[in-house]
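Source file: entry_34.pdb; contents: PDB, C-alpha atoms.
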ATOM      1  CA  MET A  49     -12.491 -20.437  32.143  1.00  0.00           C
ATOM      2  CA  PRO A  50     -10.636 -20.389  28.802  1.00  0.00           C
ATOM      3  CA  LYS A  51      -9.322 -17.091  27.528  1.00  0.00           C
ATOM      4  CA  LYS A  52     -11.441 -15.617  24.731  1.00  0.00           C
ATOM      5  CA  VAL A  53      -9.323 -14.809  21.662  1.00  0.00           C
ATOM      6  CA  ASP A  54     -10.304 -12.313  18.975  1.00  0.00           C
ATOM      7  CA  PRO A  55      -9.421 -14.035  15.670  1.00  0.00           C
ATOM      8  CA  ARG A  56      -9.075 -10.729  13.788  1.00  0.00           C
ATOM      9  CA  GLN A  57      -6.716  -9.401  16.457  1.00  0.00           C
ATOM     10  CA  ARG A  58      -4.641 -12.601  16.345  1.00  0.00           C
ATOM     11  CA  ARG A  59      -4.528 -12.527  12.523  1.00  0.00           C
ATOM     12  CA  THR A  60      -3.446  -8.882  12.668  1.00  0.00           C
ATOM     13  CA  LEU A  61      -0.681  -9.746  15.178  1.00  0.00           C
ATOM     14  CA  ILE A  62       0.572 -12.405  12.774  1.00  0.00           C
ATOM     15  CA  ALA A  63       0.215 -10.103   9.744  1.00  0.00           C
ATOM     16  CA  ASP A  64       2.197  -7.384  11.556  1.00  0.00           C
ATOM     17  CA  ALA A  65       4.940  -9.936  12.184  1.00  0.00           C
ATOM     18  CA  LEU A  66       4.830 -10.926   8.508  1.00  0.00           C
ATOM     19  CA  MET A  67       5.173  -7.268   7.538  1.00  0.00           C
ATOM     20  CA  ARG A  68       8.148  -6.812   9.850  1.00  0.00           C
ATOM     21  CA  VAL A  69       9.858  -9.872   8.389  1.00  0.00           C
ATOM     22  CA  ALA A  70       9.143  -8.743   4.810  1.00  0.00           C
ATOM     23  CA  ALA A  71      10.202  -5.141   5.474  1.00  0.00           C
ATOM     24  CA  GLU A  72      13.398  -6.081   7.327  1.00  0.00           C
ATOM     25  CA  GLN A  73      14.515  -9.261   5.547  1.00  0.00           C
ATOM     26  CA  GLY A  74      12.658  -9.361   2.243  1.00  0.00           C
ATOM     27  CA  LEU A  75       9.835 -11.499   1.014  1.00  0.00           C
ATOM     28  CA  GLU A  76      12.021 -14.583   0.570  1.00  0.00           C
ATOM     29  CA  ALA A  77      12.396 -14.690   4.366  1.00  0.00           C
ATOM     30  CA  VAL A  78       8.634 -14.887   4.883  1.00  0.00           C
ATOM     31  CA  SER A  79       7.785 -18.385   6.072  1.00  0.00           C
ATOM     32  CA  LEU A  80       5.437 -19.778   8.684  1.00  0.00           C
ATOM     33  CA  ARG A  81       8.397 -20.402  10.979  1.00  0.00           C
ATOM     34  CA  HIS A  82       9.918 -16.907  10.603  1.00  0.00           C
ATOM     35  CA  VAL A  83       6.557 -15.191  10.978  1.00  0.00           C
ATOM     36  CA  ALA A  84       5.731 -17.256  14.071  1.00  0.00           C
ATOM     37  CA  ALA A  85       9.059 -16.323  15.650  1.00  0.00           C
ATOM     38  CA  ALA A  86       8.526 -12.626  14.881  1.00  0.00           C
ATOM     39  CA  ALA A  87       4.997 -12.773  16.344  1.00  0.00           C
ATOM     40  CA  GLY A  88       6.111 -14.689  19.427  1.00  0.00           C
ATOM     41  CA  VAL A  89       3.681 -17.537  18.729  1.00  0.00           C
ATOM     42  CA  SER A  90       3.982 -21.141  17.570  1.00  0.00           C
ATOM     43  CA  ALA A  91       4.098 -22.151  13.904  1.00  0.00           C
ATOM     44  CA  GLY A  92       0.952 -24.178  14.620  1.00  0.00           C
ATOM     45  CA  MET A  93      -0.883 -21.029  15.649  1.00  0.00           C
ATOM     46  CA  VAL A  94       0.146 -19.294  12.436  1.00  0.00           C
ATOM     47  CA  GLN A  95      -1.136 -22.312  10.481  1.00  0.00           C
ATOM     48  CA  HIS A  96      -4.391 -22.186  12.435  1.00  0.00           C
ATOM     49  CA  TYR A  97      -5.096 -18.671  11.135  1.00  0.00           C
ATOM     50  CA  PHE A  98      -3.389 -18.912   7.721  1.00  0.00           C
ATOM     51  CA  ARG A  99      -3.325 -22.208   5.856  1.00  0.00           C
ATOM     52  CA  THR A 100      -0.949 -20.969   3.175  1.00  0.00           C
ATOM     53  CA  LYS A 101       1.649 -18.301   2.558  1.00  0.00           C
ATOM     54  CA  ASP A 102      -0.728 -16.793  -0.024  1.00  0.00           C
ATOM     55  CA  GLU A 103      -3.366 -16.323   2.688  1.00  0.00           C
ATOM     56  CA  MET A 104      -0.807 -14.651   4.955  1.00  0.00           C
ATOM     57  CA  MET A 105       0.352 -12.366   2.170  1.00  0.00           C
ATOM     58  CA  ALA A 106      -3.202 -11.424   1.151  1.00  0.00           C
ATOM     59  CA  PHE A 107      -4.115 -10.565   4.741  1.00  0.00           C
ATOM     60  CA  ALA A 108      -0.947  -8.493   5.214  1.00  0.00           C
ATOM     61  CA  LEU A 109      -1.771  -6.613   2.026  1.00  0.00           C
ATOM     62  CA  SER A 110      -5.296  -5.959   3.326  1.00  0.00           C
ATOM     63  CA  VAL A 111      -3.790  -4.467   6.508  1.00  0.00           C
ATOM     64  CA  VAL A 112      -1.537  -2.247   4.368  1.00  0.00           C
ATOM     65  CA  ARG A 113      -4.553  -1.289   2.234  1.00  0.00           C
ATOM     66  CA  ASP A 114      -6.548  -0.338   5.356  1.00  0.00           C
ATOM     67  CA  ARG A 115      -3.684   1.799   6.692  1.00  0.00           C
ATOM     68  CA  SER A 116      -3.205   3.470   3.311  1.00  0.00           C
ATOM     69  CA  GLN A 117      -6.920   4.171   3.033  1.00  0.00           C
ATOM     70  CA  ALA A 118      -6.880   5.772   6.485  1.00  0.00           C
ATOM     71  CA  ARG A 119      -3.977   8.041   5.438  1.00  0.00           C
ATOM     72  CA  VAL A 120      -5.824   9.018   2.240  1.00  0.00           C
ATOM     73  CA  THR A 121      -9.051   9.688   4.128  1.00  0.00           C
ATOM     74  CA  ASP A 122      -7.245  11.907   6.636  1.00  0.00           C
ATOM     75  CA  ALA A 123      -5.451  13.833   3.863  1.00  0.00           C
ATOM     76  CA  VAL A 124      -8.623  14.357   1.823  1.00  0.00           C
ATOM     77  CA  THR A 125     -10.680  15.330   4.876  1.00  0.00           C
ATOM     78  CA  ALA A 126      -8.094  17.994   5.706  1.00  0.00           C
ATOM     79  CA  LEU A 127      -8.838  19.638   2.330  1.00  0.00           C
ATOM     80  CA  GLY A 128     -12.403  20.485   3.341  1.00  0.00           C
ATOM     81  CA  ASP A 129     -15.501  20.301   1.189  1.00  0.00           C
ATOM     82  CA  ARG A 130     -15.190  19.924  -2.580  1.00  0.00           C
ATOM     83  CA  PRO A 131     -11.450  20.348  -3.187  1.00  0.00           C
ATOM     84  CA  ALA A 132     -10.249  20.988  -6.717  1.00  0.00           C
ATOM     85  CA  PRO A 133      -9.292  17.790  -8.614  1.00  0.00           C
ATOM     86  CA  ARG A 134      -5.587  18.707  -8.618  1.00  0.00           C
ATOM     87  CA  GLN A 135      -5.600  19.261  -4.836  1.00  0.00           C
ATOM     88  CA  LEU A 136      -7.477  16.027  -4.293  1.00  0.00           C
ATOM     89  CA  LEU A 137      -5.063  14.007  -6.428  1.00  0.00           C
ATOM     90  CA  ARG A 138      -2.012  15.590  -4.845  1.00  0.00           C
ATOM     91  CA  ALA A 139      -3.303  14.856  -1.338  1.00  0.00           C
ATOM     92  CA  MET A 140      -4.214  11.268  -2.224  1.00  0.00           C
ATOM     93  CA  ILE A 141      -0.938  10.457  -3.951  1.00  0.00           C
ATOM     94  CA  ALA A 142       1.175  12.145  -1.273  1.00  0.00           C
ATOM     95  CA  ALA A 143      -0.687  10.097   1.360  1.00  0.00           C
ATOM     96  CA  LEU A 144       0.135   6.909  -0.549  1.00  0.00           C
ATOM     97  CA  LEU A 145       3.830   7.656  -1.038  1.00  0.00           C
ATOM     98  CA  PRO A 146       6.258   6.193   1.518  1.00  0.00           C
ATOM     99  CA  LEU A 147       7.230   9.511   3.094  1.00  0.00           C
ATOM    100  CA  ASP A 148       7.470   8.467   6.770  1.00  0.00           C
ATOM    101  CA  ASP A 149       8.453   5.376   8.762  1.00  0.00           C
ATOM    102  CA  GLN A 150       4.992   3.764   8.872  1.00  0.00           C
ATOM    103  CA  SER A 151       4.242   4.334   5.195  1.00  0.00           C
ATOM    104  CA  ARG A 152       7.755   3.117   4.281  1.00  0.00           C
ATOM    105  CA  ASP A 153       7.137  -0.146   6.153  1.00  0.00           C
ATOM    106  CA  ASP A 154       3.779  -0.489   4.415  1.00  0.00           C
ATOM    107  CA  GLY A 155       5.397   0.376   1.091  1.00  0.00           C
ATOM    108  CA  ARG A 156       8.017  -2.336   1.525  1.00  0.00           C
ATOM    109  CA  VAL A 157       5.282  -4.899   2.143  1.00  0.00           C
ATOM    110  CA  ALA A 158       3.264  -3.680  -0.845  1.00  0.00           C
ATOM    111  CA  LEU A 159       6.352  -3.812  -3.060  1.00  0.00           C
ATOM    112  CA  ALA A 160       7.226  -7.287  -1.797  1.00  0.00           C
ATOM    113  CA  PHE A 161       3.663  -8.424  -2.488  1.00  0.00           C
ATOM    114  CA  LEU A 162       3.825  -6.942  -5.990  1.00  0.00           C
ATOM    115  CA  ALA A 163       7.026  -8.890  -6.665  1.00  0.00           C
ATOM    116  CA  TYR A 164       5.406 -12.001  -5.193  1.00  0.00           C
ATOM    117  CA  THR A 165       2.435 -11.703  -7.548  1.00  0.00           C
ATOM    118  CA  ALA A 166       4.744 -11.388 -10.548  1.00  0.00           C
ATOM    119  CA  VAL A 167       5.440 -15.106 -10.207  1.00  0.00           C
ATOM    120  CA  ARG A 168       2.087 -16.051  -8.620  1.00  0.00           C
ATOM    121  CA  PRO A 169      -0.553 -14.197 -10.638  1.00  0.00           C
ATOM    122  CA  GLU A 170      -3.390 -16.038  -8.886  1.00  0.00           C
ATOM    123  CA  ALA A 171      -2.438 -14.189  -5.709  1.00  0.00           C
ATOM    124  CA  ALA A 172      -2.916 -10.800  -7.408  1.00  0.00           C
ATOM    125  CA  ALA A 173      -6.700 -10.703  -7.970  1.00  0.00           C
ATOM    126  CA  THR A 174      -7.411  -8.163  -5.212  1.00  0.00           C
ATOM    127  CA  LEU A 175      -4.458  -6.029  -6.259  1.00  0.00           C
ATOM    128  CA  ARG A 176      -5.687  -5.949  -9.880  1.00  0.00           C
ATOM    129  CA  GLU A 177      -9.164  -4.935  -8.739  1.00  0.00           C
ATOM    130  CA  ASP A 178      -7.813  -2.181  -6.455  1.00  0.00           C
ATOM    131  CA  ASN A 179      -5.605  -0.843  -9.259  1.00  0.00           C
ATOM    132  CA  ALA A 180      -8.484  -0.799 -11.745  1.00  0.00           C
ATOM    133  CA  GLN A 181     -10.719   1.097  -9.306  1.00  0.00           C
ATOM    134  CA  MET A 182      -7.971   3.599  -8.549  1.00  0.00           C
ATOM    135  CA  ALA A 183      -7.257   4.177 -12.253  1.00  0.00           C
ATOM    136  CA  THR A 184     -10.954   4.757 -12.963  1.00  0.00           C
ATOM    137  CA  PHE A 185     -11.263   7.209 -10.081  1.00  0.00           C
ATOM    138  CA  VAL A 186      -8.112   9.115 -11.030  1.00  0.00           C
ATOM    139  CA  ALA A 187      -9.232   9.297 -14.671  1.00  0.00           C
ATOM    140  CA  SER A 188     -12.558  10.784 -13.537  1.00  0.00           C
ATOM    141  CA  LEU A 189     -10.642  13.730 -12.037  1.00  0.00           C
ATOM    142  CA  LEU A 190      -8.388  14.441 -15.008  1.00  0.00           C
ATOM    143  CA  PRO A 191      -9.079  16.886 -17.832  1.00  0.00           C
ATOM    144  CA  GLY A 192      -8.853  16.090 -21.516  1.00  0.00           C
ATOM    145  CA  PRO A 193      -9.886  13.383 -23.932  1.00  0.00           C
ATOM    146  CA  HIS A 194      -7.197  10.882 -22.890  1.00  0.00           C
ATOM    147  CA  ALA A 195      -7.875  10.815 -19.153  1.00  0.00           C
ATOM    148  CA  ASP A 196      -7.426   7.019 -18.959  1.00  0.00           C
ATOM    149  CA  ASP A 197      -3.916   7.278 -20.404  1.00  0.00           C
ATOM    150  CA  ALA A 198      -3.068  10.241 -18.171  1.00  0.00           C
ATOM    151  CA  ALA A 199      -4.343   8.306 -15.124  1.00  0.00           C
ATOM    152  CA  ALA A 200      -2.155   5.322 -16.039  1.00  0.00           C
ATOM    153  CA  GLY A 201       0.849   7.642 -16.330  1.00  0.00           C
ATOM    154  CA  LEU A 202       0.111   9.397 -13.046  1.00  0.00           C
ATOM    155  CA  LEU A 203      -0.264   6.092 -11.196  1.00  0.00           C
ATOM    156  CA  ALA A 204       2.939   4.791 -12.804  1.00  0.00           C
ATOM    157  CA  LEU A 205       4.681   7.953 -11.622  1.00  0.00           C
ATOM    158  CA  MET A 206       3.356   7.339  -8.101  1.00  0.00           C
ATOM    159  CA  GLU A 207       4.606   3.742  -8.130  1.00  0.00           C
ATOM    160  CA  GLY A 208       7.993   4.786  -9.512  1.00  0.00           C
ATOM    161  CA  LEU A 209       8.389   7.536  -6.946  1.00  0.00           C
ATOM    162  CA  GLY A 210       7.464   5.027  -4.251  1.00  0.00           C
ATOM    163  CA  VAL A 211      10.139   2.582  -5.394  1.00  0.00           C
ATOM    164  CA  HIS A 212      12.766   5.333  -5.519  1.00  0.00           C
ATOM    165  CA  LEU A 213      11.762   6.606  -2.086  1.00  0.00           C
ATOM    166  CA  LEU A 214      11.996   3.088  -0.648  1.00  0.00           C
ATOM    167  CA  GLY A 215      15.424   2.672  -2.214  1.00  0.00           C
ATOM    168  CA  GLY A 216      16.615   5.982  -0.804  1.00  0.00           C
ATOM    169  CA  HIS A 217      17.235   7.414  -4.290  1.00  0.00           C
ATOM    170  CA  TYR A 218      14.893  10.363  -3.738  1.00  0.00           C
ATOM    171  CA  THR A 219      14.144  12.424  -0.683  1.00  0.00           C
ATOM    172  CA  PRO A 220      10.504  13.068   0.176  1.00  0.00           C
ATOM    173  CA  GLN A 221      10.974  16.671  -1.002  1.00  0.00           C
ATOM    174  CA  GLN A 222      12.298  15.534  -4.401  1.00  0.00           C
ATOM    175  CA  ALA A 223       9.423  13.102  -4.827  1.00  0.00           C
ATOM    176  CA  LEU A 224       6.808  15.723  -3.967  1.00  0.00           C
ATOM    177  CA  ARG A 225       8.423  18.232  -6.360  1.00  0.00           C
ATOM    178  CA  ALA A 226       8.302  15.631  -9.148  1.00  0.00           C
ATOM    179  CA  LEU A 227       4.643  14.919  -8.336  1.00  0.00           C
ATOM    180  CA  ASP A 228       3.809  18.635  -8.370  1.00  0.00           C
ATOM    181  CA  HIS A 229       5.614  19.080 -11.678  1.00  0.00           C
ATOM    182  CA  HIS A 230       3.659  16.229 -13.252  1.00  0.00           C
ATOM    183  CA  LEU A 231       0.363  17.564 -11.916  1.00  0.00           C
ATOM    184  CA  ASP A 232       1.293  20.980 -13.352  1.00  0.00           C
ATOM    185  CA  LEU A 233       1.767  19.330 -16.752  1.00  0.00           C
ATOM    186  CA  ILE A 234      -1.665  17.717 -16.516  1.00  0.00           C
ATOM    187  CA  PHE A 235      -3.637  20.602 -15.015  1.00  0.00           C
ATOM    188  CA  GLY A 236      -1.539  23.602 -15.981  1.00  0.00           C
ATOM    189  CA  ARG A 237       0.395  25.718 -13.527  1.00  0.00           C
ATOM    190  CA  SER A 238      -2.557  27.892 -12.570  1.00  0.00           C
ATOM    191  CA  ALA A 239      -4.742  24.993 -11.353  1.00  0.00           C
TER     192      ALA A 239
END

Since I need it in another form, could you write the structure as structure tokens?
Amino acid sequence: MPKKVDPRQRRTLIADALMRVAAEQGLEAVSLRHVAAAAGVSAGMVQHYFRTKDEMMAFALSVVRDRSQARVTDAVTALGDRPAPRQLLRAMIAALLPLDDQSRDDGRVALAFLAYTAVRPEAAATLREDNAQMATFVASLLPGPHADDAAAGLLALMEGLGVHLLGGHYTPQQALRALDHHLDLIFGRSA
């Protein structure tokens, strides 16, 4: 009797291999052949599940998004019922920053995908939608008449801190202090 294969599980195995290749060697090293070797499968199997590099990249980003969402959910749940907006934002952003090994690997893939979409804008539709939703949500938590602008600045700070953490320019403690300082500017020190 033939072995039953879970397509989602197989796609995730391949996406994990893609993420390892991207995190360790950079996005330019991502190819069907390299990903197949990292996954321990044939290039034909990779092509069976992903027809193009764009499909592989989009699926890998969805895996990163799912992991990030799980970290955010855990961090927000730990705050209890109805946390203050500043606490909620701090927990969310800290959960999204690459502060540990797993989130650093995910951050490298997300950064590689962002660079990839800079030259292939058609591959960025989901990323644009996610960013717009995040900006709207963050703005809904911020005080003042220019909440949209403040949300854009806060998310840019998060992205910048992430890049500097990935590059080893900041320690996690420095990044969290910078985040706290920025939140203090937005909410005031007493919030």

Would you translate the PyMOL selection byres ((chain A and resi 146-161) around 7) into the concrete set of residues it matches in this file, as a PyMOL selection string?
chain A and resi 67+70-71+75+105+109+112+144-145+162-165+210+213-214+220

In Å and to one decimal, CA of Ala118 (chain A) is distant from CA of Ala143 (chain A) by 9.1 Å

Hey, can you check how far CA of Val89 (chain A) sits from CA of Lys101 (chain A)?
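Going from CA of Val89 (chain A) over to CA of Lys101 (chain A), I get 16.3 Å.
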
Exactly which residues make up the result of the PyMOL selection byres ((chain A and resi 227-234) around 8) on this file, given as a tab-separated table (two decimals) with C-alpha atoms, keeping the file's coordinate frame?
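So the final result, stored in expr-v6.tsv, reads:
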chain	number	residue	atom	x	y	z
A	134	ARG	CA	-5.59	18.71	-8.62
A	138	ARG	CA	-2.01	15.59	-4.84
A	190	LEU	CA	-8.39	14.44	-15.01
A	191	PRO	CA	-9.08	16.89	-17.83
A	198	ALA	CA	-3.07	10.24	-18.17
A	202	LEU	CA	0.11	9.40	-13.05
A	205	LEU	CA	4.68	7.95	-11.62
A	206	MET	CA	3.36	7.34	-8.10
A	223	ALA	CA	9.42	13.10	-4.83
A	224	LEU	CA	6.81	15.72	-3.97
A	225	ARG	CA	8.42	18.23	-6.36
A	226	ALA	CA	8.30	15.63	-9.15
A	235	PHE	CA	-3.64	20.60	-15.02
A	236	GLY	CA	-1.54	23.60	-15.98
A	237	ARG	CA	0.40	25.72	-13.53
A	238	SER	CA	-2.56	27.89	-12.57
A	239	ALA	CA	-4.74	24.99	-11.35

Residue with the minimum atom-to-atom distance to Glu170 (chain A), picked from A:Val186, A:Leu136, A:Ala106, A:Leu209 with all atoms listed in the file counted, is A:Ala106

Go through the shown structure with the PyMOL selection byres ((chain A and resi 98) around 12) and write out the matching residues as a VMD selection string. chain A and resid 55 to 56 58 to 60 62 to 63 66 79 to 80 83 to 84 91 to 97 99 to 108

What are the centre and edge lengths in Å, to one decimal, of the axis-aligned box around all listed atoms of region 173-187 of chain A with 5 Å added on each side, as AutoDock Vina command-line options?
--center_x -7.9 --center_y -0.7 --center_z -9.9 --size_x 16.8 --size_y 30.0 --size_z 19.5

- Query: Interatomic distance between CA of Arg68 (chain A) and CA of Gln117 (chain A)?
  - Reply: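 Between CA of Arg68 (chain A) and CA of Gln117 (chain A) the gap works out to 19.9 Å.
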
**Message:** When you count all atoms listed in the file, which of these residues is closest to Leu137 (chain A): A:Ala173, A:Ala199, A:Arg113, A:Lys52?
**Reply:**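 Selected residue with least distance to Leu137 (chain A): A:Ala199.
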
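Candidate residues A:Leu61, A:Ala77, A:Ala139, A:Leu127 were compared for distance to Val111 (chain A), and the nearest is A:Leu61, using only C-alpha atoms.
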
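The nearest approach to Gly201 (chain A) among the residues A:His82, A:Ser110, A:Ala65, A:Ala183, with all atoms listed in the file taken into account, belongs to A:Ala183.
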